[in-house]
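J.: So here's query01.txt, just compact mmCIF, C-alpha atoms:
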```txt
# COMPACT_ATOMS: atom_id res chain seq x y z
CA MET A 24 163.38 50.51 94.53
CA GLY A 25 164.00 50.69 90.82
CA ASP A 26 167.60 49.45 90.97
CA LEU A 27 166.75 45.95 92.24
CA THR A 28 167.21 43.40 89.43
CA MET A 29 167.09 40.08 91.29
CA LEU A 30 165.15 38.39 94.08
CA ARG A 31 167.14 37.60 97.23
CA SER A 32 165.97 33.99 97.46
CA ARG A 33 165.96 31.22 94.85
CA HIS A 34 162.52 30.16 96.14
CA LEU A 35 159.09 31.84 96.30
CA LEU A 36 157.54 30.30 99.41
CA GLY A 37 155.35 33.19 100.52
CA ILE A 38 154.78 36.94 100.47
CA GLU A 39 156.06 36.96 104.05
CA ASP A 40 159.62 36.55 102.72
CA LEU A 41 159.45 39.40 100.17
CA GLU A 42 160.63 42.98 100.67
CA PRO A 43 158.52 45.77 99.10
CA ALA A 44 161.29 46.31 96.50
CA GLU A 45 161.07 42.64 95.48
CA ILE A 46 157.29 42.87 95.12
CA SER A 47 157.75 45.96 92.92
CA LEU A 48 160.36 44.11 90.84
CA ILE A 49 157.97 41.21 90.19
CA LEU A 50 155.11 43.57 89.27
CA ASP A 51 157.36 45.65 86.98
CA THR A 52 158.69 42.48 85.29
CA ALA A 53 155.11 41.25 84.80
CA VAL A 54 154.37 44.37 82.70
CA ALA A 55 157.01 43.24 80.18
CA MET A 56 155.76 39.64 80.34
CA LYS A 57 152.19 40.74 79.65
CA GLU A 58 153.40 42.30 76.40
CA VAL A 59 154.61 38.85 75.26
CA GLY A 60 150.99 37.69 75.39
CA THR A 61 149.98 40.34 72.85
CA ARG A 62 152.44 39.13 70.18
CA SER A 63 151.48 36.91 67.26
CA ILE A 64 154.08 34.37 68.48
CA LYS A 65 153.64 34.37 72.24
CA LYS A 66 157.04 32.94 73.12
CA VAL A 67 160.44 34.11 74.37
CA PRO A 68 163.54 31.91 74.89
CA ALA A 69 164.26 33.07 78.48
CA LEU A 70 163.97 29.57 80.05
CA ARG A 71 165.09 27.47 77.10
CA GLY A 72 166.88 24.36 78.39
CA ARG A 73 165.33 24.72 81.87
CA THR A 74 163.00 22.06 83.29
CA VAL A 75 160.01 22.91 85.47
CA VAL A 76 157.94 20.28 87.32
CA ASN A 77 154.34 21.11 88.28
CA LEU A 78 153.59 19.02 91.37
CA PHE A 79 149.92 19.35 92.32
CA PHE A 80 148.65 17.38 95.33
CA GLU A 81 145.37 19.36 95.31
CA PRO A 82 142.87 19.92 92.50
CA SER A 83 143.52 23.08 90.51
CA THR A 84 142.44 24.45 87.16
CA ARG A 85 143.40 28.12 86.99
CA THR A 86 146.70 27.98 88.87
CA ARG A 87 147.96 24.81 87.17
CA LEU A 88 147.03 25.91 83.64
CA SER A 89 148.36 29.41 84.30
CA PHE A 90 151.76 28.06 85.41
CA GLU A 91 151.89 25.65 82.45
CA LEU A 92 151.15 28.44 79.99
CA ALA A 93 153.70 30.74 81.68
CA GLU A 94 156.37 28.02 81.42
CA LYS A 95 155.62 27.35 77.75
CA ARG A 96 155.73 31.06 76.88
CA LEU A 97 159.21 31.20 78.44
CA SER A 98 160.26 28.10 76.38
CA ALA A 99 160.85 25.89 79.45
CA ASP A 100 160.54 22.09 79.31
CA THR A 101 157.66 21.16 81.59
CA MET A 102 156.47 18.04 83.39
CA GLY A 103 153.14 17.83 85.15
CA MET A 104 152.30 15.52 88.03
CA THR A 105 149.02 15.19 89.87
CA THR A 106 148.51 12.78 92.75
CA ALA A 107 145.77 10.71 91.08
CA GLY A 108 147.57 7.81 89.43
CA SER A 109 150.92 8.57 91.10
CA SER A 110 152.87 6.80 93.84
CA VAL A 111 151.44 9.31 96.33
CA VAL A 112 148.17 7.36 96.42
CA LYS A 113 150.23 4.31 97.39
CA GLY A 114 151.51 6.13 100.47
CA GLU A 115 154.69 7.79 99.22
CA THR A 116 155.61 10.81 101.34
CA LEU A 117 156.07 14.34 100.04
CA ILE A 118 159.83 14.17 100.65
CA ASP A 119 160.14 10.79 98.87
CA THR A 120 158.24 12.18 95.89
CA ALA A 121 160.45 15.27 95.84
CA ARG A 122 163.63 13.18 95.97
CA THR A 123 162.38 11.03 93.09
CA LEU A 124 161.81 14.18 91.05
CA GLU A 125 165.17 15.62 92.08
CA ALA A 126 166.86 12.60 90.51
CA MET A 127 165.57 13.94 87.19
CA SER A 128 167.37 17.27 87.84
CA PRO A 129 164.54 19.80 87.40
CA ASP A 130 165.47 23.46 87.77
CA MET A 131 162.19 24.42 89.44
CA ILE A 132 159.31 22.67 91.18
CA VAL A 133 155.91 24.37 91.40
CA VAL A 134 154.01 22.75 94.27
CA ARG A 135 150.45 22.87 95.58
CA HIS A 136 149.68 20.86 98.70
CA ALA A 137 146.88 20.60 101.27
CA CYS A 138 149.34 20.90 104.18
CA SER A 139 150.53 24.32 105.33
CA GLY A 140 154.32 24.51 105.13
CA ALA A 141 154.70 21.86 102.40
CA ALA A 142 156.64 24.24 100.13
CA HIS A 143 159.03 25.08 102.99
CA VAL A 144 159.67 21.35 103.56
CA LEU A 145 160.60 20.93 99.88
CA ALA A 146 162.87 23.98 99.95
CA ARG A 147 164.86 22.35 102.77
CA VAL A 148 165.44 19.05 100.93
CA CYS A 149 165.56 20.06 97.24
CA ARG A 150 168.30 21.63 95.14
CA SER A 151 165.60 22.94 92.75
CA SER A 152 163.94 26.32 93.20
CA ILE A 153 160.54 25.84 94.86
CA ILE A 154 157.50 27.95 93.98
CA ASN A 155 154.54 27.74 96.33
CA ALA A 156 151.30 27.43 94.31
CA GLY A 157 149.25 27.21 97.52
CA ASP A 158 149.90 25.33 100.76
CA GLY A 159 146.95 24.48 103.00
CA THR A 160 145.52 27.61 104.61
CA HIS A 161 148.98 29.23 104.78
CA GLU A 162 149.89 31.17 101.62
CA HIS A 163 149.25 31.50 97.88
CA PRO A 164 151.88 34.08 96.88
CA THR A 165 151.39 34.19 93.10
CA GLN A 166 147.64 34.79 93.59
CA ALA A 167 148.37 37.82 95.79
CA LEU A 168 150.92 39.08 93.25
CA LEU A 169 148.47 38.79 90.34
CA ASP A 170 145.78 40.48 92.46
CA ALA A 171 148.18 43.35 93.21
CA PHE A 172 149.16 43.55 89.53
CA THR A 173 145.45 43.78 88.60
CA ILE A 174 144.75 46.48 91.20
CA GLN A 175 147.82 48.48 90.18
CA GLY A 176 146.85 48.19 86.52
CA ARG A 177 143.38 49.58 87.20
CA LYS A 178 144.17 52.10 89.97
CA GLY A 179 147.71 53.09 89.02
CA ARG A 180 148.99 52.40 92.54
CA LEU A 181 148.65 50.19 95.61
CA ALA A 182 149.47 52.77 98.33
CA GLY A 183 146.34 54.34 99.76
CA VAL A 184 143.92 52.05 97.90
CA ARG A 185 141.06 50.79 100.13
CA VAL A 186 140.62 47.04 99.62
CA ALA A 187 137.73 45.12 101.20
CA ILE A 188 138.34 41.34 101.40
CA ILE A 189 135.05 39.58 102.08
CA GLY A 190 134.05 35.97 102.67
CA ASP A 191 135.48 32.79 104.16
CA LEU A 192 138.47 34.35 105.90
CA ALA A 193 139.29 31.35 108.11
CA HIS A 194 140.18 28.89 105.35
CA SER A 195 141.74 31.30 102.87
CA ARG A 196 145.45 31.26 101.99
CA VAL A 197 144.56 34.00 99.47
CA LEU A 198 143.54 36.27 102.37
CA ARG A 199 146.81 35.78 104.23
CA SER A 200 149.01 36.42 101.18
CA ASN A 201 146.95 39.44 100.10
CA VAL A 202 146.96 41.00 103.57
CA LEU A 203 150.75 40.60 103.82
CA LEU A 204 151.31 42.10 100.35
CA LEU A 205 148.76 44.91 100.40
CA THR A 206 149.63 46.22 103.88
CA ARG A 207 153.35 46.03 103.00
CA MET A 208 152.70 48.16 99.89
CA GLY A 209 150.66 50.77 101.77
CA ALA A 210 147.09 49.77 100.93
CA GLU A 211 144.27 50.04 103.47
CA VAL A 212 142.68 46.61 104.05
CA VAL A 213 139.28 45.79 105.55
CA ALA A 214 138.47 42.11 106.16
CA CYS A 215 134.85 41.02 106.51
CA GLY A 216 133.17 37.68 107.16
CA PRO A 217 130.93 35.79 109.58
CA ALA A 218 132.23 35.76 113.16
CA THR A 219 132.70 31.96 112.86
CA LEU A 220 135.01 32.46 109.87
CA ILE A 221 137.34 35.18 111.20
CA PRO A 222 140.80 33.82 112.10
CA VAL A 223 142.14 34.59 115.58
CA GLY A 224 144.69 37.41 115.45
CA LEU A 225 143.66 38.78 112.04
CA GLY A 226 143.34 42.28 113.49
CA ARG A 227 147.01 42.17 114.51
CA MET A 228 148.03 41.94 110.82
CA GLY A 229 147.26 45.61 110.25
CA VAL A 230 143.72 45.22 108.88
CA THR A 231 140.32 46.46 110.04
CA VAL A 232 138.05 43.50 110.85
CA THR A 233 134.25 43.69 110.63
CA THR A 234 131.27 41.34 110.40
CA SER A 235 129.23 43.95 108.46
CA ILE A 236 129.50 43.69 104.66
CA ASP A 237 127.83 47.10 104.30
CA GLU A 238 130.58 48.64 106.43
CA ALA A 239 133.27 46.82 104.42
CA CYS A 240 131.86 47.98 101.07
CA GLU A 241 131.52 51.62 102.13
CA GLY A 242 133.97 53.74 100.12
CA ALA A 243 136.02 50.76 98.92
CA ASP A 244 138.19 51.00 95.79
CA VAL A 245 138.42 47.22 95.49
CA LEU A 246 135.98 44.48 96.57
CA MET A 247 137.73 41.13 96.70
CA MET A 248 135.34 38.23 97.29
CA LEU A 249 136.60 34.92 98.69
CA ARG A 250 135.11 31.51 97.92
CA VAL A 251 133.23 29.69 100.66
CA GLN A 252 135.46 26.63 101.04
CA HIS A 253 133.01 23.91 101.98
CA GLU A 254 135.68 21.23 101.51
CA ARG A 255 137.81 22.67 104.34
CA MET A 256 134.94 23.14 106.78
CA HIS A 257 134.94 20.39 109.39
CA GLY A 258 132.26 21.80 111.63
CA LEU A 259 129.16 23.98 111.61
CA PHE A 260 130.42 27.34 110.34
CA LEU A 261 127.36 28.43 108.32
CA PRO A 262 123.64 27.91 108.95
CA SER A 263 122.82 27.71 105.22
CA VAL A 264 124.08 28.85 101.83
CA ARG A 265 120.96 31.01 101.35
CA GLU A 266 121.48 32.79 104.65
CA TYR A 267 125.17 33.32 103.84
CA PHE A 268 124.28 35.05 100.56
CA THR A 269 121.69 37.21 102.33
CA LEU A 270 124.24 38.37 104.90
CA PHE A 271 127.56 38.30 103.04
CA GLY A 272 126.92 37.97 99.30
CA LEU A 273 128.03 40.81 97.02
CA THR A 274 124.93 42.21 95.32
CA ALA A 275 124.53 45.25 93.06
CA ALA A 276 123.05 47.19 96.00
CA ARG A 277 126.11 46.48 98.14
CA LEU A 278 128.48 47.28 95.27
CA ALA A 279 126.76 50.68 95.04
CA ARG A 280 128.11 51.50 98.54
CA ALA A 281 131.67 51.32 97.19
CA LYS A 282 133.28 54.06 95.11
CA SER A 283 131.71 54.51 91.68
CA ASP A 284 134.89 53.25 89.98
CA ALA A 285 135.39 50.33 92.39
CA ILE A 286 136.53 47.02 90.89
CA VAL A 287 135.23 43.56 91.82
CA MET A 288 137.70 40.67 92.19
CA HIS A 289 137.50 36.93 92.91
CA PRO A 290 140.35 34.38 92.90
CA GLY A 291 138.00 31.67 91.56
CA PRO A 292 136.39 29.29 91.30
CA MET A 293 133.24 31.29 92.08
CA ASN A 294 130.15 30.06 93.89
CA ARG A 295 127.58 32.18 92.08
CA GLY A 296 124.66 33.07 94.32
CA VAL A 297 126.71 32.25 97.42
CA GLU A 298 129.47 34.86 97.79
CA ILE A 299 128.68 36.86 94.64
CA ALA A 300 125.61 37.57 92.51
CA SER A 301 125.91 36.67 88.82
CA ASP A 302 125.06 40.17 87.61
CA VAL A 303 127.96 41.55 89.68
CA ALA A 304 130.39 38.80 88.62
CA ASP A 305 129.61 39.51 84.97
CA GLY A 306 129.16 43.28 85.33
CA ASN A 307 131.33 46.05 83.93
CA GLN A 308 133.09 46.61 87.28
CA SER A 309 134.28 42.99 87.42
CA VAL A 310 137.96 42.34 86.66
CA ILE A 311 137.76 38.61 87.38
CA LEU A 312 138.80 37.59 83.85
CA ASP A 313 141.60 40.21 83.93
CA GLN A 314 142.93 38.41 87.01
CA VAL A 315 143.12 35.16 85.05
CA ALA A 316 145.00 36.82 82.17
CA ASN A 317 147.31 38.68 84.56
CA GLY A 318 148.09 35.43 86.36
CA VAL A 319 150.06 34.19 83.35
CA ALA A 320 152.16 37.38 83.15
CA VAL A 321 152.89 37.40 86.89
CA ARG A 322 153.86 33.73 86.94
CA MET A 323 156.11 34.31 83.93
CA ALA A 324 157.77 37.12 85.90
CA VAL A 325 158.30 34.90 88.95
CA LEU A 326 159.77 32.02 86.89
CA TYR A 327 162.01 34.41 84.94
CA LEU A 328 163.35 36.14 88.06
CA LEU A 329 163.94 32.91 90.00
CA ALA A 330 165.86 31.56 87.00
CA GLY A 331 168.25 34.52 87.28
CA GLY A 332 166.46 37.06 85.12
CA GLU A 333 168.64 39.05 82.76
CA GLN A 334 171.65 36.82 83.50
CA ASN A 335 169.99 34.14 81.42
CA GLU A 336 169.12 36.29 78.43
CA GLY A 337 170.64 34.76 75.32
CA ALA A 338 171.63 31.61 77.19
```
Now, as a test, write the supplied structure out as structure tokens.
T.:
Amino acid sequence: MGDLTMLRSRHLLGIEDLEPAEISLILDTAVAMKEVGTRSIKKVPALRGRTVVNLFFEPSTRTRLSFELAEKRLSADTMGMTTAGSSVVKGETLIDTARTLEAMSPDMIVVRHACSGAAHVLARVCRSSIINAGDGTHEHPTQALLDAFTIQGRKGRLAGVRVAIIGDLAHSRVLRSNVLLLTRMGAEVVACGPATLIPVGLGRMGVTVTTSIDEACEGADVLMMLRVQHERMHGLFLPSVREYFTLFGLTAARLARAKSDAIVMHPGPMNRGVEIASDVADGNQSVILDQVANGVAVRMAVLYLLAGGEQNEGA
């Protein structure tokens, strides 16, 4: 594994496309990138002269800011575009928007879109490298990579770690990317949520599926809570927020069922008092803010590797 120095593809569209050795390469590279963030001048010239466009068709705070900071730390020239105030609101299609941007010759386009497969569409029509920052309910690869980086940093490994992923499983691209990555790297994954929010076929992805949060928490090394995505629910999935918290919220009592050194994760934004109690979110087992910090290092690693890695040093 250690001799791999480049990714096979010039795009990062999903975890599905990555070999275990490529995942290890990204995580190893992120260790070096994290060190940049500890320096007094948090900047390296690795992407100097490269242009990165951040194309966000969906609201985002953490992911967008994390990518922007990662790009700046690598000395890239960046352009940001959100749909509000753009031609998209006038009816311009995704492909038309991409072609307009392509005329400006960017090296990379980071895209978030409400439609599953949007990043794949761009990869077919663009010369630029495409990085998927979340597409519909399909994948969110950099989130899964930063989650894995956080787990590995705390536990020293991914293989054999018991990870419970709890919450709104049906609408979560974070779930899909994490399941693909964690099972590929040898972790044991338990997925838990209300029966109405369990995707068909989840059990075939190599995970244990349960509707009991107590069962999911039992003996877990990692408790990863997922946000209840009210905005994607077009139907009656939950009786009430209060009942959801009673049945599926992570409380201190439920955390106590996990291993004593278990860590608590959440991709954000959190619904406090819905999927997680405030005392747990802010407690000493929470690594939620570590995830945010690690997101910058992991996204730096992805940008660096897609740009050609060491080949560009000193360019």
J.: Taking into account only C-alpha atoms, which residue in the set A:Gly190, A:Gly229, A:Gly291, A:Gly179 is nearest to Ser83 (chain A)?
T.: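 Among the listed residues, the smallest separation from Ser83 (chain A) belongs to A:Gly291.
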J.: Tell me which protein, DNA and RNA residues are within 8 Å of region 208-223 of chain A, counting only C-alpha atoms, leaving out same-chain ones fewer than 4 positions away, and put them as a PyMOL selection string.
T.: chain A and resi 43+181-194+202+204+229-236+239+260-261+271
J.: What would the list of residues within 7 Å of (170.0, 40.8, 89.1) (file frame) look like as a compact mmCIF listing (two decimals) with C-alpha atoms, in the coordinates of the input, if only C-alpha atoms are what count?
T.:
```txt
# COMPACT_ATOMS: atom_id res chain seq x y z
CA LEU A 27 166.75 45.95 92.24
CA THR A 28 167.21 43.40 89.43
CA MET A 29 167.09 40.08 91.29
CA GLY A 331 168.25 34.52 87.28
CA GLY A 332 166.46 37.06 85.12
CA GLU A 333 168.64 39.05 82.76
```
J.: For the point (149.8, 37.4, 91.4) in file coordinates, what residues are within 12 Å, counting all atoms listed in the file? Give the answer as an MDAnalysis selection string?
T.: chainID A and resid 35 37:38 46:47 49:50 52:53 86 89:90 155:157 162:175 197 200:201 204:205 290 313:325
J.: Would you please work out which residue, of A:Asp130, A:Asp119, A:Asp284, A:Glu94, is nearest to Val245 (chain A) when using all atoms listed in the file?
T.: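 The answer is A:Asp284, which sits nearest to Val245 (chain A).
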J.: Kindly indicate which residue among A:Gly159, A:Gly60, A:Pro82, A:Gly306 lies nearest to Arg196 (chain A), using all atoms listed in the file for the distances.
T.: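 So, comparing all the options, the nearest one is A:Gly159.
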J.: CA of Leu70 (chain A) to CA of Met131 (chain A): how many Å, to one decimal?
T.: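 Between CA of Leu70 (chain A) and CA of Met131 (chain A) the gap works out to 10.9 Å.
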J.: Considering only C-alpha atoms, can you say which of A:Arg177, A:Arg265, A:Arg199, A:Arg85 comes closest to Val310 (chain A)?
T.: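 For Val310 (chain A), the nearest of the given residues is A:Arg177.
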J.: Considering all atoms listed in the file, can you say which of A:His143, A:Glu298, A:Tyr327, A:Ala121 comes closest to Pro68 (chain A)?
T.: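 Closest residue, counting all atoms listed in the file: A:Tyr327.
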J.: Any idea what the distance is between CA of Glu238 (chain A) and CA of Ala281 (chain A)?
T.: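 Answer for the CA of Glu238 (chain A) to CA of Ala281 (chain A) separation: 9.7 Å.
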J.: Would you mind reading off the distance between CA of Arg135 (chain A) and CA of Leu48 (chain A), one decimal, in Å?
T.: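 Spanning CA of Arg135 (chain A) to CA of Leu48 (chain A) is a straight-line distance of 23.9 Å.
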J.: Show me, as a list of chain:residue names, the residues that have an atom within 9 Å of Ser98 (chain A) when counting all atoms listed in the file, minus same-chain residues fewer than 2 positions from it.
T.: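 Skipping anything fewer than 2 positions along the chain leaves A:Lys66, A:Val67, A:Pro68, A:Ala69, A:Leu70, A:Arg71, A:Gly72, A:Arg73, A:Ala93, A:Glu94, A:Lys95, A:Arg96, A:Asp100.
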J.: Please complete region 147-161 of chain A with N, CA and C atoms and give it back as an mmCIF file, keeping the file's coordinate frame.
T.:
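Dumped everything to result_39.cif:
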```cif
data_model
loop_
_atom_site.group_PDB
_atom_site.id
_atom_site.type_symbol
_atom_site.label_atom_id
_atom_site.label_comp_id
_atom_site.auth_asym_id
_atom_site.auth_seq_id
_atom_site.Cartn_x
_atom_site.Cartn_y
_atom_site.Cartn_z
ATOM 1 N N ARG A 147 163.771 22.829 101.906
ATOM 2 C CA ARG A 147 164.860 22.350 102.770
ATOM 3 C C ARG A 147 165.563 21.123 102.195
ATOM 4 N N VAL A 148 164.843 20.316 101.394
ATOM 5 C CA VAL A 148 165.440 19.050 100.930
ATOM 6 C C VAL A 148 165.798 19.051 99.439
ATOM 7 N N CYS A 149 165.350 20.057 98.697
ATOM 8 C CA CYS A 149 165.560 20.060 97.240
ATOM 9 C C CYS A 149 166.628 21.060 96.798
ATOM 10 N N ARG A 150 167.355 20.693 95.765
ATOM 11 C CA ARG A 150 168.300 21.630 95.140
ATOM 12 C C ARG A 150 167.566 22.571 94.191
ATOM 13 N N SER A 151 166.394 22.135 93.693
ATOM 14 C CA SER A 151 165.600 22.940 92.750
ATOM 15 C C SER A 151 165.028 24.171 93.461
ATOM 16 N N SER A 152 164.706 25.197 92.663
ATOM 17 C CA SER A 152 163.940 26.320 93.200
ATOM 18 C C SER A 152 162.496 25.872 93.409
ATOM 19 N N ILE A 153 161.910 26.240 94.535
ATOM 20 C CA ILE A 153 160.540 25.840 94.860
ATOM 21 C C ILE A 153 159.626 27.059 94.760
ATOM 22 N N ILE A 154 158.512 26.890 94.059
ATOM 23 C CA ILE A 154 157.500 27.950 93.980
ATOM 24 C C ILE A 154 156.223 27.426 94.616
ATOM 25 N N ASN A 155 155.746 28.143 95.612
ATOM 26 C CA ASN A 155 154.540 27.740 96.330
ATOM 27 C C ASN A 155 153.302 28.150 95.529
ATOM 28 N N ALA A 156 152.546 27.156 95.051
ATOM 29 C CA ALA A 156 151.300 27.430 94.310
ATOM 30 C C ALA A 156 150.087 27.243 95.218
ATOM 31 N N GLY A 157 150.321 27.354 96.532
ATOM 32 C CA GLY A 157 149.250 27.210 97.520
ATOM 33 C C GLY A 157 149.536 26.069 98.466
ATOM 34 N N ASP A 158 149.676 26.399 99.769
ATOM 35 C CA ASP A 158 149.900 25.330 100.760
ATOM 36 C C ASP A 158 148.900 25.461 101.904
ATOM 37 N N GLY A 159 147.952 24.506 101.934
ATOM 38 C CA GLY A 159 146.950 24.480 103.000
ATOM 39 C C GLY A 159 146.221 25.799 103.129
ATOM 40 N N THR A 160 146.147 26.298 104.371
ATOM 41 C CA THR A 160 145.520 27.610 104.610
ATOM 42 C C THR A 160 146.605 28.652 104.879
ATOM 43 N N HIS A 161 147.838 28.364 104.451
ATOM 44 C CA HIS A 161 148.980 29.230 104.780
ATOM 45 C C HIS A 161 149.147 30.389 103.808
#
```
